[in-house]
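Remarks on the structure that follows.
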Amino acid sequence: MKKHVVVQSYDKTWADDFVAIRDEWNTVLKELVLRIEHVGSTSVEGLSAKPIIDIDVVIQDREDLPEVISALQKIGYSHEGDQGIPGREAFKYEGKEHLRKHHLYVCALDAEELRRHIAFRDYLRNNPEAVAEYSRIKEEGAKLHPWDIDKYIEHKSPFIESVYNRIGLL
């Protein structure tokens, strides 16, 4: 897949961007969800990242999904299914130019993908050496594969897998 890969140094405004997105979602979701988690590289202070906010909306269980889908449709999001990752429901949107580009996923509390996202994020937040190394790898991958997102992902995968091993996810 040809997609321009842009990795930037950490930007402290990413935390504010997450809050703006979360606040908009809370207008329709606050009673339906357990919490909204900023995950992915933009959620880790000091980590270089593609400037896209990854967010997991946490629901009690999959039975709550239809109501969440309906609520999100009211504010311009459409459900795309799990896209091959069980336990993680993806959504797309249009007309959100007032918000930073973002990825929205809805996960049940017991979803393995949610557990991976949170554990990986928390490991990085508590390990500055890992943040420095992962930043280096991501920046290198973007330089080596500026127009190939699949190759970029492949480049950083060994680091991710090594962290998963360290924290008992593999």
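Ligands are numbered from 1 in the order shown, chains are lettered A, B, ... in the order of the structure tokens, and residues start at 1 in each chain.
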- Item | Contacts of region 30-46 of chain A within 9 Å, only C-alpha atoms, excl. fewer than 5 positions in-chain, as a PyMOL selection string | chain A and resi 9-12+14-15+18-19+22+25+51-60+64+67-68+71+109+117-118+120-122+124-125+128+131-132+135
- Would you mind writing down, as a VMD selection string, each residue of chain A that DSSP on the backbone assigns to strand (DSSP E)? chain A and resid 35 to 39 53 to 59 77 to 81 88 to 93 102 to 108
Would you export the selected residues with N, CA, C and O atoms as a short mmCIF file (atom, residue, chain, number, x, y, z; two decimals), in the first residue's frame, please?
data_model
loop_
_atom_site.label_atom_id
_atom_site.label_comp_id
_atom_site.auth_asym_id
_atom_site.auth_seq_id
_atom_site.Cartn_x
_atom_site.Cartn_y
_atom_site.Cartn_z
N ARG A 35 -14.56 4.21 29.65
CA ARG A 35 -13.51 5.23 29.58
C ARG A 35 -13.06 5.38 28.13
O ARG A 35 -13.37 4.54 27.28
N ILE A 36 -12.32 6.44 27.88
CA ILE A 36 -11.75 6.71 26.56
C ILE A 36 -10.25 6.86 26.78
O ILE A 36 -9.81 7.73 27.52
N GLU A 37 -9.47 5.98 26.12
CA GLU A 37 -8.02 5.89 26.34
C GLU A 37 -7.24 6.44 25.15
O GLU A 37 -7.46 6.03 24.01
N HIS A 38 -6.31 7.35 25.42
CA HIS A 38 -5.35 7.80 24.42
C HIS A 38 -4.25 6.74 24.37
O HIS A 38 -3.55 6.51 25.35
N VAL A 39 -4.14 6.07 23.24
CA VAL A 39 -3.15 5.01 23.07
C VAL A 39 -2.29 5.35 21.85
O VAL A 39 -2.45 6.40 21.24
N ILE A 53 -3.85 10.70 16.19
CA ILE A 53 -4.21 10.31 17.55
C ILE A 53 -4.97 8.98 17.51
O ILE A 53 -6.01 8.88 16.87
N ASP A 54 -4.43 7.97 18.18
CA ASP A 54 -5.10 6.67 18.28
C ASP A 54 -5.86 6.62 19.61
O ASP A 54 -5.28 6.91 20.67
N ILE A 55 -7.12 6.24 19.53
CA ILE A 55 -7.97 6.25 20.72
C ILE A 55 -8.80 4.98 20.79
O ILE A 55 -9.41 4.55 19.80
N ASP A 56 -8.81 4.38 21.98
CA ASP A 56 -9.66 3.23 22.26
C ASP A 56 -10.80 3.67 23.17
O ASP A 56 -10.55 4.19 24.27
N VAL A 57 -12.02 3.47 22.72
CA VAL A 57 -13.20 3.69 23.53
C VAL A 57 -13.53 2.34 24.17
O VAL A 57 -13.69 1.34 23.47
N VAL A 58 -13.60 2.31 25.49
CA VAL A 58 -13.76 1.06 26.22
C VAL A 58 -15.22 0.90 26.66
O VAL A 58 -15.76 1.78 27.35
N ILE A 59 -15.82 -0.23 26.24
CA ILE A 59 -17.18 -0.55 26.65
C ILE A 59 -17.15 -1.80 27.53
O ILE A 59 -16.17 -2.55 27.53
N TYR A 77 -19.52 9.49 12.56
CA TYR A 77 -18.64 8.32 12.46
C TYR A 77 -19.42 7.14 11.91
O TYR A 77 -20.59 6.96 12.22
N SER A 78 -18.74 6.32 11.10
CA SER A 78 -19.39 5.11 10.60
C SER A 78 -18.53 3.89 10.93
O SER A 78 -17.31 3.94 10.87
N HIS A 79 -19.21 2.84 11.29
CA HIS A 79 -18.58 1.60 11.74
C HIS A 79 -18.01 0.84 10.54
O HIS A 79 -18.66 0.69 9.53
N GLU A 80 -16.77 0.38 10.67
CA GLU A 80 -16.10 -0.36 9.60
C GLU A 80 -15.83 -1.82 9.96
O GLU A 80 -15.16 -2.51 9.22
N GLY A 81 -16.29 -2.28 11.11
CA GLY A 81 -16.04 -3.65 11.54
C GLY A 81 -14.68 -3.78 12.21
O GLY A 81 -14.03 -2.79 12.52
N ARG A 88 -11.60 -5.39 18.33
CA ARG A 88 -11.32 -3.98 18.08
C ARG A 88 -12.16 -3.52 16.89
O ARG A 88 -11.91 -3.91 15.77
N GLU A 89 -13.17 -2.73 17.15
CA GLU A 89 -14.07 -2.24 16.12
C GLU A 89 -13.61 -0.86 15.65
O GLU A 89 -13.45 0.06 16.45
N ALA A 90 -13.37 -0.73 14.35
CA ALA A 90 -12.85 0.51 13.78
C ALA A 90 -13.99 1.38 13.24
O ALA A 90 -15.04 0.89 12.84
N PHE A 91 -13.73 2.69 13.23
CA PHE A 91 -14.68 3.67 12.71
C PHE A 91 -13.94 4.65 11.81
O PHE A 91 -12.77 4.93 12.02
N LYS A 92 -14.65 5.16 10.81
CA LYS A 92 -14.10 6.22 9.98
C LYS A 92 -15.00 7.44 10.12
O LYS A 92 -16.09 7.37 10.71
N TYR A 93 -14.53 8.55 9.60
CA TYR A 93 -15.29 9.79 9.73
C TYR A 93 -15.01 10.71 8.55
O TYR A 93 -14.02 10.56 7.84
N HIS A 102 -7.39 11.31 13.46
CA HIS A 102 -7.41 10.32 14.53
C HIS A 102 -7.98 9.00 14.05
O HIS A 102 -8.65 8.93 13.02
N HIS A 103 -7.66 7.96 14.81
CA HIS A 103 -8.22 6.63 14.60
C HIS A 103 -9.07 6.31 15.82
O HIS A 103 -8.60 6.43 16.95
N LEU A 104 -10.28 5.87 15.57
CA LEU A 104 -11.22 5.53 16.63
C LEU A 104 -11.48 4.04 16.62
O LEU A 104 -11.86 3.46 15.59
N TYR A 105 -11.24 3.42 17.77
CA TYR A 105 -11.52 2.01 17.95
C TYR A 105 -12.38 1.85 19.19
O TYR A 105 -12.17 2.53 20.19
N VAL A 106 -13.33 0.94 19.13
CA VAL A 106 -14.15 0.59 20.28
C VAL A 106 -13.79 -0.84 20.67
O VAL A 106 -13.77 -1.74 19.82
N CYS A 107 -13.46 -1.02 21.94
CA CYS A 107 -13.04 -2.33 22.45
C CYS A 107 -13.82 -2.66 23.71
O CYS A 107 -14.01 -1.81 24.58
N ALA A 108 -14.21 -3.93 23.83
CA ALA A 108 -14.79 -4.39 25.09
C ALA A 108 -13.69 -4.46 26.13
O ALA A 108 -12.51 -4.63 25.81
#
- From chain A, collect each residue whose DSSP state is helix (DSSP H, G or I) and return the set as a VMD selection string. chain A and resid 13 to 29 41 to 43 62 to 73 112 to 125 128 to 144 149 to 166
Could you turn the residues from that selection into a file that holds C-alpha atoms, as a PDB file, in the first residue's frame?
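Final output, saved to again_4.pdb:
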ATOM      1  CA  THR A  13      -0.174  19.517  21.676  1.00  0.00           C
ATOM      2  CA  TRP A  14      -1.082  15.883  20.920  1.00  0.00           C
ATOM      3  CA  ALA A  15      -2.356  15.526  24.492  1.00  0.00           C
ATOM      4  CA  ASP A  16      -4.622  18.561  23.962  1.00  0.00           C
ATOM      5  CA  ASP A  17      -5.767  17.141  20.617  1.00  0.00           C
ATOM      6  CA  PHE A  18      -6.807  13.943  22.389  1.00  0.00           C
ATOM      7  CA  VAL A  19      -8.796  15.942  24.961  1.00  0.00           C
ATOM      8  CA  ALA A  20     -10.613  17.870  22.215  1.00  0.00           C
ATOM      9  CA  ILE A  21     -11.594  14.641  20.460  1.00  0.00           C
ATOM     10  CA  ARG A  22     -12.607  12.938  23.709  1.00  0.00           C
ATOM     11  CA  ASP A  23     -14.713  15.925  24.743  1.00  0.00           C
ATOM     12  CA  GLU A  24     -16.600  15.876  21.446  1.00  0.00           C
ATOM     13  CA  TRP A  25     -17.271  12.154  21.814  1.00  0.00           C
ATOM     14  CA  ASN A  26     -18.414  12.558  25.398  1.00  0.00           C
ATOM     15  CA  THR A  27     -21.359  14.615  24.154  1.00  0.00           C
ATOM     16  CA  VAL A  28     -22.895  11.335  22.932  1.00  0.00           C
ATOM     17  CA  LEU A  29     -20.900   8.596  24.684  1.00  0.00           C
ATOM     18  CA  SER A  41       2.654   6.714  19.971  1.00  0.00           C
ATOM     19  CA  THR A  42       1.113  10.172  20.386  1.00  0.00           C
ATOM     20  CA  SER A  43       0.114   9.163  23.929  1.00  0.00           C
ATOM     21  CA  ARG A  62     -19.847  -6.356  22.995  1.00  0.00           C
ATOM     22  CA  GLU A  63     -23.557  -6.166  23.839  1.00  0.00           C
ATOM     23  CA  ASP A  64     -23.074  -2.394  24.212  1.00  0.00           C
ATOM     24  CA  LEU A  65     -21.638  -2.013  20.705  1.00  0.00           C
ATOM     25  CA  PRO A  66     -24.890  -1.368  18.761  1.00  0.00           C
ATOM     26  CA  GLU A  67     -25.810   1.550  21.021  1.00  0.00           C
ATOM     27  CA  VAL A  68     -22.281   2.996  20.736  1.00  0.00           C
ATOM     28  CA  ILE A  69     -22.375   2.638  16.933  1.00  0.00           C
ATOM     29  CA  SER A  70     -25.681   4.517  16.863  1.00  0.00           C
ATOM     30  CA  ALA A  71     -24.373   7.299  19.117  1.00  0.00           C
ATOM     31  CA  LEU A  72     -21.210   7.752  17.062  1.00  0.00           C
ATOM     32  CA  GLN A  73     -23.224   7.906  13.823  1.00  0.00           C
ATOM     33  CA  GLU A 112      -6.965  -8.692  23.987  1.00  0.00           C
ATOM     34  CA  GLU A 113      -6.197  -5.787  21.620  1.00  0.00           C
ATOM     35  CA  LEU A 114      -7.143  -3.253  24.309  1.00  0.00           C
ATOM     36  CA  ARG A 115      -4.885  -5.025  26.782  1.00  0.00           C
ATOM     37  CA  ARG A 116      -2.004  -4.873  24.259  1.00  0.00           C
ATOM     38  CA  HIS A 117      -2.528  -1.179  23.540  1.00  0.00           C
ATOM     39  CA  ILE A 118      -2.589  -0.199  27.218  1.00  0.00           C
ATOM     40  CA  ALA A 119       0.312  -2.449  28.254  1.00  0.00           C
ATOM     41  CA  PHE A 120       2.537  -1.235  25.404  1.00  0.00           C
ATOM     42  CA  ARG A 121       1.696   2.415  26.084  1.00  0.00           C
ATOM     43  CA  ASP A 122       2.295   2.069  29.819  1.00  0.00           C
ATOM     44  CA  TYR A 123       5.581   0.235  29.292  1.00  0.00           C
ATOM     45  CA  LEU A 124       6.847   3.069  27.085  1.00  0.00           C
ATOM     46  CA  ARG A 125       5.608   5.741  29.486  1.00  0.00           C
ATOM     47  CA  PRO A 128      12.600   6.474  28.659  1.00  0.00           C
ATOM     48  CA  GLU A 129      15.349   4.331  27.098  1.00  0.00           C
ATOM     49  CA  ALA A 130      12.711   2.372  25.173  1.00  0.00           C
ATOM     50  CA  VAL A 131      11.104   5.655  24.057  1.00  0.00           C
ATOM     51  CA  ALA A 132      14.439   6.871  22.684  1.00  0.00           C
ATOM     52  CA  GLU A 133      15.085   3.575  20.874  1.00  0.00           C
ATOM     53  CA  TYR A 134      11.559   3.337  19.451  1.00  0.00           C
ATOM     54  CA  SER A 135      11.736   6.965  18.269  1.00  0.00           C
ATOM     55  CA  ARG A 136      15.012   6.196  16.489  1.00  0.00           C
ATOM     56  CA  ILE A 137      13.537   3.093  14.835  1.00  0.00           C
ATOM     57  CA  LYS A 138      10.380   4.913  13.725  1.00  0.00           C
ATOM     58  CA  GLU A 139      12.301   7.880  12.303  1.00  0.00           C
ATOM     59  CA  GLU A 140      14.654   5.493  10.500  1.00  0.00           C
ATOM     60  CA  GLY A 141      11.718   3.502   9.115  1.00  0.00           C
ATOM     61  CA  ALA A 142      10.046   6.645   7.791  1.00  0.00           C
ATOM     62  CA  LYS A 143      13.282   7.685   6.039  1.00  0.00           C
ATOM     63  CA  LEU A 144      13.848   4.233   4.563  1.00  0.00           C
ATOM     64  CA  ILE A 149       3.384   2.081   5.141  1.00  0.00           C
ATOM     65  CA  ASP A 150       3.603  -1.713   5.092  1.00  0.00           C
ATOM     66  CA  LYS A 151       7.422  -1.659   4.949  1.00  0.00           C
ATOM     67  CA  TYR A 152       7.471   1.018   7.663  1.00  0.00           C
ATOM     68  CA  ILE A 153       5.337  -1.204   9.911  1.00  0.00           C
ATOM     69  CA  GLU A 154       7.552  -4.191   9.097  1.00  0.00           C
ATOM     70  CA  HIS A 155      10.628  -2.123  10.054  1.00  0.00           C
ATOM     71  CA  LYS A 156       9.326  -1.323  13.533  1.00  0.00           C
ATOM     72  CA  SER A 157       7.689  -4.703  14.229  1.00  0.00           C
ATOM     73  CA  PRO A 158      10.762  -6.388  15.811  1.00  0.00           C
ATOM     74  CA  PHE A 159      10.902  -3.639  18.455  1.00  0.00           C
ATOM     75  CA  ILE A 160       7.193  -3.991  19.225  1.00  0.00           C
ATOM     76  CA  GLU A 161       7.503  -7.756  19.489  1.00  0.00           C
ATOM     77  CA  SER A 162      10.498  -7.415  21.819  1.00  0.00           C
ATOM     78  CA  VAL A 163       8.437  -5.197  24.132  1.00  0.00           C
ATOM     79  CA  TYR A 164       5.515  -7.623  23.976  1.00  0.00           C
ATOM     80  CA  ASN A 165       7.934 -10.381  25.029  1.00  0.00           C
ATOM     81  CA  ARG A 166       9.275  -8.300  27.923  1.00  0.00           C
TER      82      ARG A 166
END
- Note on the structure: Separating CA of His4 (chain A) from CA of Lys96 (chain A), to the nearest tenth of an Å, is a gap of 20.6 Å
- Taking only C-alpha atoms into account, which of A:Asp61, A:Glu94, A:Gly87, A:Arg100 comes nearest Ile75 (chain A)?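 Between A:Asp61, A:Glu94, A:Gly87, A:Arg100, the residue approaching Ile75 (chain A) most closely is A:Glu94.
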